[in-house]
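Structure file start12.txt with compact mmCIF, C-alpha atoms and all ligand atoms:
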```txt
# COMPACT_ATOMS: atom_id res chain seq x y z
CA MET A 1 69.97 301.38 -16.74
CA LEU A 2 72.43 302.47 -19.43
CA TYR A 3 74.05 305.80 -18.58
CA ASP A 4 75.41 308.04 -21.33
CA ALA A 5 78.56 308.54 -19.28
CA ALA A 6 80.05 307.11 -16.11
CA VAL A 7 82.54 309.42 -14.43
CA ILE A 8 84.73 307.49 -12.02
CA GLY A 9 86.19 309.49 -9.14
CA ALA A 10 84.83 312.69 -7.55
CA GLY A 11 87.97 314.77 -7.18
CA PRO A 12 88.39 318.07 -9.05
CA ALA A 13 88.63 316.32 -12.47
CA GLY A 14 85.63 314.04 -11.93
CA VAL A 15 83.37 316.71 -10.44
CA THR A 16 84.15 319.03 -13.37
CA ALA A 17 83.57 316.28 -15.95
CA ALA A 18 80.25 315.31 -14.32
CA LEU A 19 79.06 318.94 -14.23
CA TYR A 20 79.94 319.55 -17.87
CA LEU A 21 78.35 316.29 -19.03
CA VAL A 22 75.09 316.76 -17.10
CA ARG A 23 74.87 320.36 -18.29
CA SER A 24 75.09 318.96 -21.86
CA GLY A 25 71.86 317.09 -21.19
CA LEU A 26 73.40 313.65 -20.70
CA LYS A 27 72.47 310.96 -18.18
CA VAL A 28 75.49 310.83 -15.91
CA ALA A 29 76.63 308.55 -13.08
CA LEU A 30 79.39 309.79 -10.78
CA VAL A 31 81.04 306.87 -9.00
CA GLU A 32 83.01 307.58 -5.83
CA ASN A 33 84.54 305.26 -3.29
CA SER A 34 84.86 307.78 -0.48
CA ALA A 35 83.97 311.45 -0.06
CA THR A 36 83.75 314.13 -2.76
CA GLY A 37 87.02 316.01 -3.17
CA GLY A 38 89.67 313.34 -3.63
CA GLN A 39 93.16 314.45 -2.68
CA ILE A 40 92.07 317.97 -1.77
CA LEU A 41 90.49 316.47 1.35
CA SER A 42 93.99 315.75 2.65
CA THR A 43 95.32 319.19 1.64
CA ALA A 44 95.34 321.83 4.34
CA GLU A 45 95.40 325.04 2.29
CA ILE A 46 95.09 325.50 -1.46
CA GLU A 47 96.89 328.72 -2.33
CA ASN A 48 97.16 328.47 -6.11
CA TYR A 49 93.59 327.93 -7.32
CA PRO A 50 92.34 331.14 -8.94
CA GLY A 51 89.43 332.86 -7.24
CA PHE A 52 90.62 332.23 -3.70
CA PRO A 53 93.25 334.94 -3.13
CA LYS A 54 93.33 334.28 0.61
CA SER A 55 93.64 330.51 -0.05
CA ILE A 56 90.94 327.95 0.70
CA LYS A 57 91.06 324.88 2.91
CA GLY A 58 90.83 321.58 1.02
CA TRP A 59 87.67 320.49 2.82
CA GLU A 60 86.02 323.86 2.14
CA LEU A 61 86.63 323.50 -1.59
CA ALA A 62 85.30 319.92 -1.43
CA ASP A 63 82.13 321.25 0.27
CA LEU A 64 81.71 323.77 -2.54
CA PHE A 65 82.11 320.98 -5.12
CA GLU A 66 79.39 319.03 -3.31
CA GLU A 67 77.10 322.08 -3.21
CA HIS A 68 77.69 322.67 -6.93
CA LEU A 69 76.86 319.04 -7.82
CA ALA A 70 73.71 319.16 -5.69
CA GLY A 71 72.17 321.60 -8.17
CA TYR A 72 72.18 318.98 -10.94
CA SER A 73 70.69 315.54 -11.49
CA VAL A 74 73.93 313.57 -11.48
CA ASP A 75 73.35 310.02 -10.17
CA ARG A 76 75.76 309.48 -7.28
CA VAL A 77 76.96 305.88 -7.06
CA ARG A 78 78.94 304.77 -4.00
CA GLY A 79 81.55 302.07 -4.56
CA GLN A 80 84.95 301.14 -5.89
CA VAL A 81 85.25 300.15 -9.55
CA LEU A 82 87.15 296.85 -9.50
CA SER A 83 87.20 296.07 -13.23
CA SER A 84 85.66 297.18 -16.50
CA SER A 85 85.13 295.79 -19.98
CA GLN A 86 83.66 296.78 -23.29
CA LYS A 87 80.56 294.94 -24.44
CA GLU A 88 79.89 293.85 -28.02
CA ASP A 89 77.58 296.83 -28.57
CA GLY A 90 80.46 299.18 -27.63
CA SER A 91 79.11 300.21 -24.23
CA PHE A 92 81.09 299.63 -21.03
CA LEU A 93 80.33 297.42 -18.06
CA LEU A 94 81.79 298.50 -14.71
CA ASN A 95 82.07 295.95 -11.90
CA LEU A 96 81.90 297.65 -8.53
CA SER A 97 82.54 296.51 -4.99
CA GLU A 98 79.67 294.72 -3.23
CA GLY A 99 78.69 293.04 -6.53
CA LYS A 100 77.17 296.18 -8.07
CA THR A 101 77.42 296.77 -11.83
CA LEU A 102 76.93 299.84 -13.94
CA GLU A 103 76.64 300.30 -17.71
CA ALA A 104 77.56 303.40 -19.68
CA SER A 105 78.19 304.35 -23.29
CA ALA A 106 81.29 306.33 -22.32
CA VAL A 107 83.65 306.29 -19.35
CA VAL A 108 85.63 309.21 -17.93
CA ALA A 109 88.32 307.86 -15.59
CA CYS A 110 89.23 310.42 -12.90
CA THR A 111 90.47 308.17 -10.10
CA GLY A 112 93.72 310.08 -9.62
CA ALA A 113 96.65 308.70 -7.74
CA ARG A 114 97.44 307.48 -4.25
CA HIS A 115 100.50 307.93 -2.05
CA ARG A 116 103.51 305.78 -2.86
CA LEU A 117 105.04 303.76 -0.03
CA LEU A 118 108.61 304.52 1.03
CA GLY A 119 109.50 300.85 1.43
CA ALA A 120 111.62 301.39 4.56
CA PRO A 121 111.73 298.77 7.33
CA GLY A 122 109.17 299.69 10.00
CA GLU A 123 106.85 301.53 7.60
CA ASP A 124 104.32 298.69 7.56
CA THR A 125 104.70 297.87 11.25
CA PHE A 126 103.97 301.42 12.36
CA ALA A 127 101.37 302.41 9.73
CA GLY A 128 98.66 304.18 11.73
CA LYS A 129 100.88 304.02 14.85
CA GLY A 130 103.19 306.87 13.97
CA VAL A 131 103.55 306.46 10.21
CA SER A 132 101.09 308.61 8.25
CA TYR A 133 100.51 309.78 4.69
CA CYS A 134 98.17 312.63 5.65
CA ALA A 135 99.31 315.53 7.82
CA VAL A 136 95.89 317.17 7.70
CA CYS A 137 94.26 313.99 9.03
CA ASP A 138 96.83 313.02 11.66
CA GLY A 139 98.91 316.13 12.38
CA ASN A 140 96.90 317.10 15.44
CA PHE A 141 98.02 313.91 17.25
CA TYR A 142 101.54 315.37 17.23
CA ARG A 143 100.79 318.76 18.76
CA GLY A 144 104.02 319.93 20.41
CA ARG A 145 105.83 316.69 19.58
CA ASP A 146 108.68 316.14 17.11
CA VAL A 147 108.00 314.58 13.70
CA ALA A 148 109.76 313.77 10.44
CA VAL A 149 108.54 314.38 6.89
CA VAL A 150 110.07 312.35 4.05
CA GLY A 151 110.23 313.64 0.45
CA GLY A 152 111.28 316.67 -1.55
CA GLY A 153 108.26 317.48 -3.75
CA ASN A 154 105.45 319.97 -3.26
CA SER A 155 103.54 317.62 -0.98
CA ALA A 156 106.47 317.10 1.40
CA LEU A 157 107.30 320.81 1.55
CA GLU A 158 103.69 321.90 2.02
CA GLU A 159 102.99 319.33 4.68
CA ALA A 160 106.26 320.07 6.51
CA LEU A 161 105.11 323.70 6.69
CA TYR A 162 101.67 322.64 7.88
CA LEU A 163 103.18 320.42 10.57
CA SER A 164 105.64 323.14 11.65
CA ARG A 165 102.62 325.12 12.91
CA ILE A 166 101.45 322.19 15.07
CA ALA A 167 104.42 320.02 16.00
CA GLY A 168 107.49 320.81 18.08
CA LYS A 169 110.33 320.21 15.65
CA VAL A 170 109.99 318.96 12.05
CA TYR A 171 112.84 317.08 10.37
CA LEU A 172 112.48 317.23 6.58
CA ILE A 173 114.33 314.21 5.16
CA HIS A 174 115.10 314.23 1.44
CA ARG A 175 117.37 311.94 -0.55
CA ARG A 176 118.91 314.75 -2.63
CA ASP A 177 120.26 318.17 -1.68
CA ALA A 178 117.93 319.93 -4.14
CA PHE A 179 114.17 319.93 -3.67
CA ARG A 180 111.79 319.51 -6.59
CA GLY A 181 108.94 321.39 -4.88
CA ALA A 182 108.07 324.99 -5.84
CA MET A 183 110.49 327.80 -4.87
CA VAL A 184 107.82 329.53 -2.82
CA TYR A 185 107.61 326.48 -0.51
CA GLN A 186 111.38 325.92 -0.49
CA LYS A 187 111.87 329.48 0.77
CA LYS A 188 109.26 329.09 3.52
CA VAL A 189 110.71 325.73 4.60
CA ARG A 190 114.22 327.19 4.85
CA GLU A 191 112.92 330.14 6.85
CA ALA A 192 110.83 328.12 9.32
CA ALA A 193 112.55 328.20 12.72
CA ASN A 194 111.49 324.68 13.71
CA ILE A 195 112.18 322.82 10.44
CA GLU A 196 115.56 321.07 10.19
CA LEU A 197 116.57 320.00 6.69
CA VAL A 198 118.10 316.54 6.57
CA THR A 199 119.06 316.44 2.89
CA GLY A 200 121.17 314.00 0.88
CA SER A 201 119.88 311.40 3.33
CA VAL A 202 117.72 308.30 3.23
CA VAL A 203 115.59 306.54 5.83
CA ASP A 204 117.17 303.23 6.83
CA GLU A 205 114.51 302.29 9.38
CA ILE A 206 111.47 303.59 11.22
CA ARG A 207 111.85 302.49 14.83
CA GLY A 208 109.54 302.16 17.76
CA GLY A 209 107.81 299.88 20.23
CA ALA A 210 104.38 299.05 21.59
CA ALA A 211 103.54 302.75 22.01
CA GLY A 212 104.37 303.52 18.37
CA VAL A 213 107.23 305.27 16.58
CA ASP A 214 110.09 306.67 18.65
CA GLY A 215 112.73 307.39 16.02
CA VAL A 216 113.90 307.35 12.42
CA ALA A 217 117.33 306.03 11.49
CA VAL A 218 118.74 308.12 8.62
CA ARG A 219 121.92 307.75 6.61
CA HIS A 220 123.76 310.60 4.87
CA LEU A 221 124.48 309.21 1.41
CA ALA A 222 127.77 311.03 0.73
CA SER A 223 129.43 310.43 4.10
CA GLY A 224 127.68 307.22 5.16
CA ASP A 225 127.10 308.82 8.59
CA THR A 226 124.02 307.55 10.40
CA ARG A 227 121.91 309.03 13.16
CA VAL A 228 118.57 308.42 14.79
CA LEU A 229 116.14 311.33 14.82
CA PRO A 230 113.99 311.21 17.96
CA VAL A 231 110.48 311.60 16.53
CA ASP A 232 107.03 310.33 17.41
CA GLY A 233 105.61 310.57 13.90
CA VAL A 234 106.79 310.08 10.32
CA PHE A 235 104.85 311.62 7.43
CA ILE A 236 105.71 310.10 4.07
CA TYR A 237 105.33 312.07 0.82
CA VAL A 238 107.46 310.31 -1.79
CA GLY A 239 105.15 310.71 -4.76
CA MET A 240 102.02 309.17 -6.14
CA GLU A 241 101.01 306.09 -8.08
CA PRO A 242 97.96 305.99 -10.35
CA VAL A 243 94.69 304.27 -9.55
CA SER A 244 94.19 302.81 -13.03
CA GLY A 245 94.21 299.02 -12.57
CA TYR A 246 90.46 298.66 -13.13
CA LEU A 247 90.59 299.95 -16.73
CA PRO A 248 90.54 297.49 -19.66
CA ASP A 249 93.99 296.28 -20.77
CA ASN A 250 93.68 298.03 -24.13
CA VAL A 251 93.72 301.43 -22.41
CA ASN A 252 97.41 302.24 -22.87
CA ARG A 253 99.44 303.28 -19.82
CA ASP A 254 103.04 304.25 -19.21
CA ALA A 255 105.47 302.03 -17.30
CA ALA A 256 104.22 303.42 -13.96
CA GLY A 257 100.57 302.83 -14.87
CA PHE A 258 99.59 306.44 -15.65
CA VAL A 259 97.05 306.56 -18.50
CA LEU A 260 98.22 307.91 -21.86
CA THR A 261 95.84 310.36 -23.53
CA ASP A 262 95.89 312.83 -26.39
CA THR A 263 95.28 316.54 -25.77
CA GLU A 264 91.50 315.92 -25.81
CA MET A 265 91.82 313.36 -22.94
CA CYS A 266 90.99 310.47 -25.33
CA THR A 267 92.68 307.20 -24.39
CA SER A 268 93.72 304.45 -26.81
CA LEU A 269 90.26 302.88 -26.35
CA PRO A 270 87.50 304.93 -28.05
CA GLY A 271 84.81 305.78 -25.51
CA VAL A 272 87.22 305.84 -22.55
CA PHE A 273 88.57 309.22 -21.49
CA ALA A 274 90.91 310.08 -18.63
CA ALA A 275 91.34 313.31 -16.67
CA GLY A 276 93.39 314.55 -13.72
CA ASP A 277 96.21 312.85 -11.86
CA ILE A 278 95.52 309.42 -13.40
CA ARG A 279 97.02 310.75 -16.66
CA ALA A 280 100.67 310.61 -17.66
CA LYS A 281 101.59 314.30 -17.50
CA ARG A 282 103.83 316.73 -15.70
CA CYS A 283 101.46 319.23 -14.05
CA ARG A 284 99.34 317.84 -11.20
CA GLN A 285 97.30 320.66 -9.76
CA VAL A 286 93.66 321.28 -8.85
CA SER A 287 93.51 323.76 -11.74
CA SER A 288 94.96 321.31 -14.28
CA ALA A 289 92.61 318.55 -13.06
CA VAL A 290 89.63 320.88 -13.52
CA GLY A 291 90.84 321.72 -17.05
CA ASP A 292 91.31 318.03 -17.87
CA GLY A 293 87.80 317.28 -16.60
CA ALA A 294 86.21 319.94 -18.82
CA THR A 295 88.22 318.77 -21.85
CA ALA A 296 87.38 315.10 -21.25
CA ALA A 297 83.66 315.89 -20.90
CA THR A 298 83.69 317.86 -24.15
CA ALA A 299 85.43 314.99 -25.96
CA ALA A 300 83.05 312.42 -24.44
CA PHE A 301 80.07 314.51 -25.56
CA SER A 302 81.39 314.58 -29.18
CA TYR A 303 82.08 310.84 -29.05
CA LEU A 304 78.50 310.14 -27.92
CA GLU A 305 77.05 312.48 -30.53
CA GLN A 306 78.92 310.62 -33.29
CA ARG A 307 78.02 307.23 -31.83
CA ASN A 308 74.34 308.11 -31.70
CA ALA A 309 74.24 309.85 -35.11
P1 LIG B 1 106.65 314.30 -6.41
O1 LIG B 1 106.60 315.70 -6.93
O2 LIG B 1 106.75 313.17 -7.38
O3 LIG B 1 107.85 314.22 -5.38
C1 LIG B 1 108.17 313.03 -4.76
C2 LIG B 1 109.38 313.26 -3.89
O4 LIG B 1 109.68 312.07 -3.20
C3 LIG B 1 110.61 313.64 -4.68
O5 LIG B 1 111.30 314.66 -4.02
C4 LIG B 1 111.41 312.34 -4.73
O6 LIG B 1 112.81 312.55 -4.70
C5 LIG B 1 111.02 311.69 -3.44
N1 LIG B 1 111.06 310.24 -3.54
C6 LIG B 1 110.50 309.43 -4.45
N2 LIG B 1 110.73 308.14 -4.18
C7 LIG B 1 111.50 308.12 -3.07
C8 LIG B 1 112.07 307.10 -2.29
N3 LIG B 1 111.89 305.79 -2.60
N4 LIG B 1 112.79 307.42 -1.21
C9 LIG B 1 112.95 308.71 -0.88
N5 LIG B 1 112.43 309.75 -1.57
C10 LIG B 1 111.71 309.46 -2.65
O7 LIG B 1 105.35 313.93 -5.52
P2 LIG B 1 104.37 314.85 -4.64
O8 LIG B 1 105.13 315.86 -3.87
O9 LIG B 1 103.48 313.91 -3.94
O10 LIG B 1 103.54 315.63 -5.73
C11 LIG B 1 102.79 314.88 -6.71
C12 LIG B 1 102.29 315.88 -7.76
O11 LIG B 1 101.31 316.74 -7.16
C13 LIG B 1 103.41 316.77 -8.29
O12 LIG B 1 103.15 317.02 -9.66
C14 LIG B 1 103.25 318.03 -7.47
O13 LIG B 1 103.72 319.20 -8.12
C15 LIG B 1 101.73 318.10 -7.29
N6 LIG B 1 101.40 318.83 -6.06
C16 LIG B 1 101.27 320.18 -6.17
C17 LIG B 1 101.01 320.93 -5.05
C18 LIG B 1 100.91 322.42 -5.19
O14 LIG B 1 101.18 322.95 -6.26
N7 LIG B 1 100.54 323.16 -4.17
C19 LIG B 1 100.88 320.32 -3.80
C20 LIG B 1 101.06 318.93 -3.71
C21 LIG B 1 101.32 318.21 -4.86
P3 LIG B 1 113.60 313.16 -5.96
O15 LIG B 1 113.28 314.60 -5.98
O16 LIG B 1 115.01 312.86 -5.65
O17 LIG B 1 113.08 312.41 -7.15
```
Let's see the structure in the file written out as C-alpha cells.
Ligand code: NAP
Amino acid sequence: MLYDAAVIGAGPAGVTAALYLVRSGLKVALVENSATGGQILSTAEIENYPGFPKSIKGWELADLFEEHLAGYSVDRVRGQVLSSSQKEDGSFLLNLSEGKTLEASAVVACTGARHRLLGAPGEDTFAGKGVSYCAVCDGNFYRGRDVAVVGGGNSALEEALYLSRIAGKVYLIHRRDAFRGAMVYQKKVREAANIELVTGSVVDEIRGGAAGVDGVAVRHLASGDTRVLPVDGVFIYVGMEPVSGYLPDNVNRDAAGFVLTDTEMCTSLPGVFAAGDIRAKRCRQVSSAVGDGATAATAAFSYLEQRNA
C-alpha cells in the first residue's frame, strides 16, 4: 500500500505530525521502534510544557499521546527504519527491520536523538552494571547509595536532582565551572544538600569489579589533582547525537548529522520533512518538537497537494 505520508518516530514531534496529517484526511503510517513518547519516557517530570502547571511525568504525557492517537485511524507500524530511497515516481521506499518495507509519497523524519557516549575507560565494560543513561529507568537500583552524574546541560542537572531524591549522595561531574543548563535547575542543584559539584573536572576512568561499578576516577583540569569518588552508579548525560543515518544521502545534514531544514521543516530533498530533535537547531524541548511536528505536517500536506494537482 502507498501511504500519503510516513511519519518516522513517535515522540512529541512525530505524534503531532501524525495527528495533523490524519486530521487533514491523509493516509498516514506512524513508524516506531519502541514505545510512544520517545525521550519523554526517560524524563521524570516535565515542568515546562504549557497546560501542566503542576508538572507531568514523562510516562503520563506519553500515555496521553497514545490516547490521543487512538482516536484516529493512523496505521501504527512497529520497526526500525534502516534505510530509505526515492523511487523514480518520486515516492519513498522505507526498508525496516525484519525485512519489512513501506512506501509513502512523503516522509516526516522525527527520530530525534540518542544519548552520546562519554568515551571514558570502563564505560563500555560497566554499561548496564553501574553505567546508565537513564535515571528514571535505573535510579531506583541506587536507593540510598552514592552515584555520579556526568554533564552540565539540562539533562544532567535535571537527572542529578531526580537522583538526589533517591540516592544517598550525588556527585555532579562537569568539565567546566559554568553549567549550560537552565538557571532554575542550576539554583536547585546548588541548594540540594546531597549534591556535591565536581566542576572543572573530567572522568579519567569508571572503575569496578564483578559486582559492578565501585568508583569514578576524576581529574581536576586546572590543578591536575585526581581523586576517586566512591560511587555505585554513574549516569552519563553529555549530550545527544541524531538518529538520521537512515535518510537518503541527499538530505543535507550538519557535521554532527543533525538534519538541516528551512523554517517550514522542509529538507534539501523535496518530499522529506524533519521535525524535533533530529533537526539542527538550538532549542530542544517538548514544546518545540510539538511545534516542529505541526509545521512539518502542514508543509507535507501542501507538498502532497501540489504533487497531486
Ligand atoms: P547538552 O545541552 O548538549 O549538554 C551536554 C553537556 O555535556 C554539556 O554540559 C557539555 O559540556 C557536556 N559534555 C559534552 N561532551 C562531553 C564530554 N566528552 N565529556 C564531558 N562532558 C561533555 O545536552 P543535554 O543536557 O542532553 O540536552 C540536550 C538538549 O535537550 C538541550 O537542548 C537541552 O536544553 C534539552 N533539554 C531540555 C530540558 C528541559 O528544558 N527541561 C531537559 C533535558 C534536555 P560543555 O557545557 O562544556 O559543552
Worksheet item: Within 9 Å of Glu241 of chain A, counting only C-alpha atoms, which residues qualify if same-chain residues fewer than 2 places away don't, as JSON, numbers by chain?
Response: {"A": [112, 113, 114, 115, 116, 239, 243, 256, 257, 258, 278]}
Mind checking which residues fall within 7 Å of segment 13-15 of chain A, counting all atoms listed in the file, ignoring those fewer than 2 positions away in the same chain, and posting them as a compact mmCIF listing (two decimals) with C-alpha atoms, in the coordinates of the input?
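Written out: out37.txt:
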```txt
# COMPACT_ATOMS: atom_id res chain seq x y z
CA VAL A 7 82.54 309.42 -14.43
CA ILE A 8 84.73 307.49 -12.02
CA GLY A 9 86.19 309.49 -9.14
CA ALA A 10 84.83 312.69 -7.55
CA GLY A 11 87.97 314.77 -7.18
CA ALA A 17 83.57 316.28 -15.95
CA ALA A 18 80.25 315.31 -14.32
CA LEU A 19 79.06 318.94 -14.23
CA PHE A 65 82.11 320.98 -5.12
CA CYS A 110 89.23 310.42 -12.90
CA ALA A 275 91.34 313.31 -16.67
CA GLY A 276 93.39 314.55 -13.72
CA ALA A 289 92.61 318.55 -13.06
CA VAL A 290 89.63 320.88 -13.52
CA ASP A 292 91.31 318.03 -17.87
CA GLY A 293 87.80 317.28 -16.60
```
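Taking atom O3 of ligand LIG 1 (chain B) as the reference point, atom CA of Arg175 of chain A is found at 10.9 Å.
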Size and centre in Å, one decimal, axis-aligned box, all listed ligand LIG 1 (chain B) atoms plus 3 Å per side, as JSON:
```
{"center_x": 107.8, "center_y": 314.5, "center_z": -5.3, "size_x": 20.5, "size_y": 23.4, "size_z": 14.8}
```
Discussion item. Env of Pro270 of chain A: 12 Å cut, atoms = all atoms listed in the file, seq-sep filter 5 positions within chain, self excluded. Answer as a ChimeraX atom specification.
Written reply: /A:86,90-92,105-108,248,250-252,261-262,264-265,299-300,302-304,306-307
Which residues of chain A sit at most 8 Å from ligand LIG 1 (chain B), using only C-alpha atoms and all ligand atoms? Give each one's shortest atom pair and distance in Å (one decimal place), in chain and ascending residue order, as CSV.
```
residue,atom,partner,partner_atom,distance
A:Thr43,CA,B:LIG1,C20,7.9
A:Ile46,CA,B:LIG1,N7,6.5
A:Glu47,CA,B:LIG1,N7,6.9
A:Asn48,CA,B:LIG1,N7,6.6
A:His115,CA,B:LIG1,O9,6.9
A:Arg116,CA,B:LIG1,N2,7.7
A:Leu117,CA,B:LIG1,N3,7.6
A:Leu118,CA,B:LIG1,N3,5.1
A:Gly119,CA,B:LIG1,N3,6.8
A:Val150,CA,B:LIG1,N5,6.6
A:Gly151,CA,B:LIG1,O4,4.0
A:Gly152,CA,B:LIG1,O5,3.2
A:Gly153,CA,B:LIG1,O8,3.5
A:Asn154,CA,B:LIG1,O8,4.2
A:Ser155,CA,B:LIG1,O8,3.7
A:Ala156,CA,B:LIG1,O8,5.6
A:Leu157,CA,B:LIG1,O8,7.7
A:Glu158,CA,B:LIG1,C19,6.7
A:His174,CA,B:LIG1,N5,6.0
A:Arg175,CA,B:LIG1,C9,5.5
A:Arg176,CA,B:LIG1,O16,5.3
A:Ala178,CA,B:LIG1,O15,7.3
A:Phe179,CA,B:LIG1,O15,5.9
A:Arg180,CA,B:LIG1,O15,5.2
A:Gly181,CA,B:LIG1,O1,6.5
A:Ala182,CA,B:LIG1,O14,7.2
A:Val202,CA,B:LIG1,C9,6.3
A:Val203,CA,B:LIG1,C9,7.5
A:Tyr237,CA,B:LIG1,O9,5.4
A:Val238,CA,B:LIG1,O4,3.2
A:Gly239,CA,B:LIG1,O7,3.3
A:Met240,CA,B:LIG1,O9,5.4
A:Asp277,CA,B:LIG1,C12,7.9
A:Arg282,CA,B:LIG1,O12,6.1
A:Cys283,CA,B:LIG1,O12,5.2
A:Arg284,CA,B:LIG1,O12,4.2
A:Gln285,CA,B:LIG1,C16,5.4
```
Against segment 121-142 of chain A, which residues of segment 9-72 of chain A fall within 10 Å? For each one I want the closest pair of atoms and the distance in Å (one decimal), counting all atoms listed in the file, rows by chain and increasing residue number, as CSV.
```
residue,atom,partner,partner_atom,distance
A:Gln39,CA,A:Cys134,CA,9.9
A:Leu41,CA,A:Val136,CA,8.4
A:Ser42,CA,A:Val136,CA,5.6
A:Thr43,CA,A:Val136,CA,6.4
A:Ala44,CA,A:Val136,CA,5.8
A:Glu45,CA,A:Val136,CA,9.6
A:Gly58,CA,A:Val136,CA,9.5
```
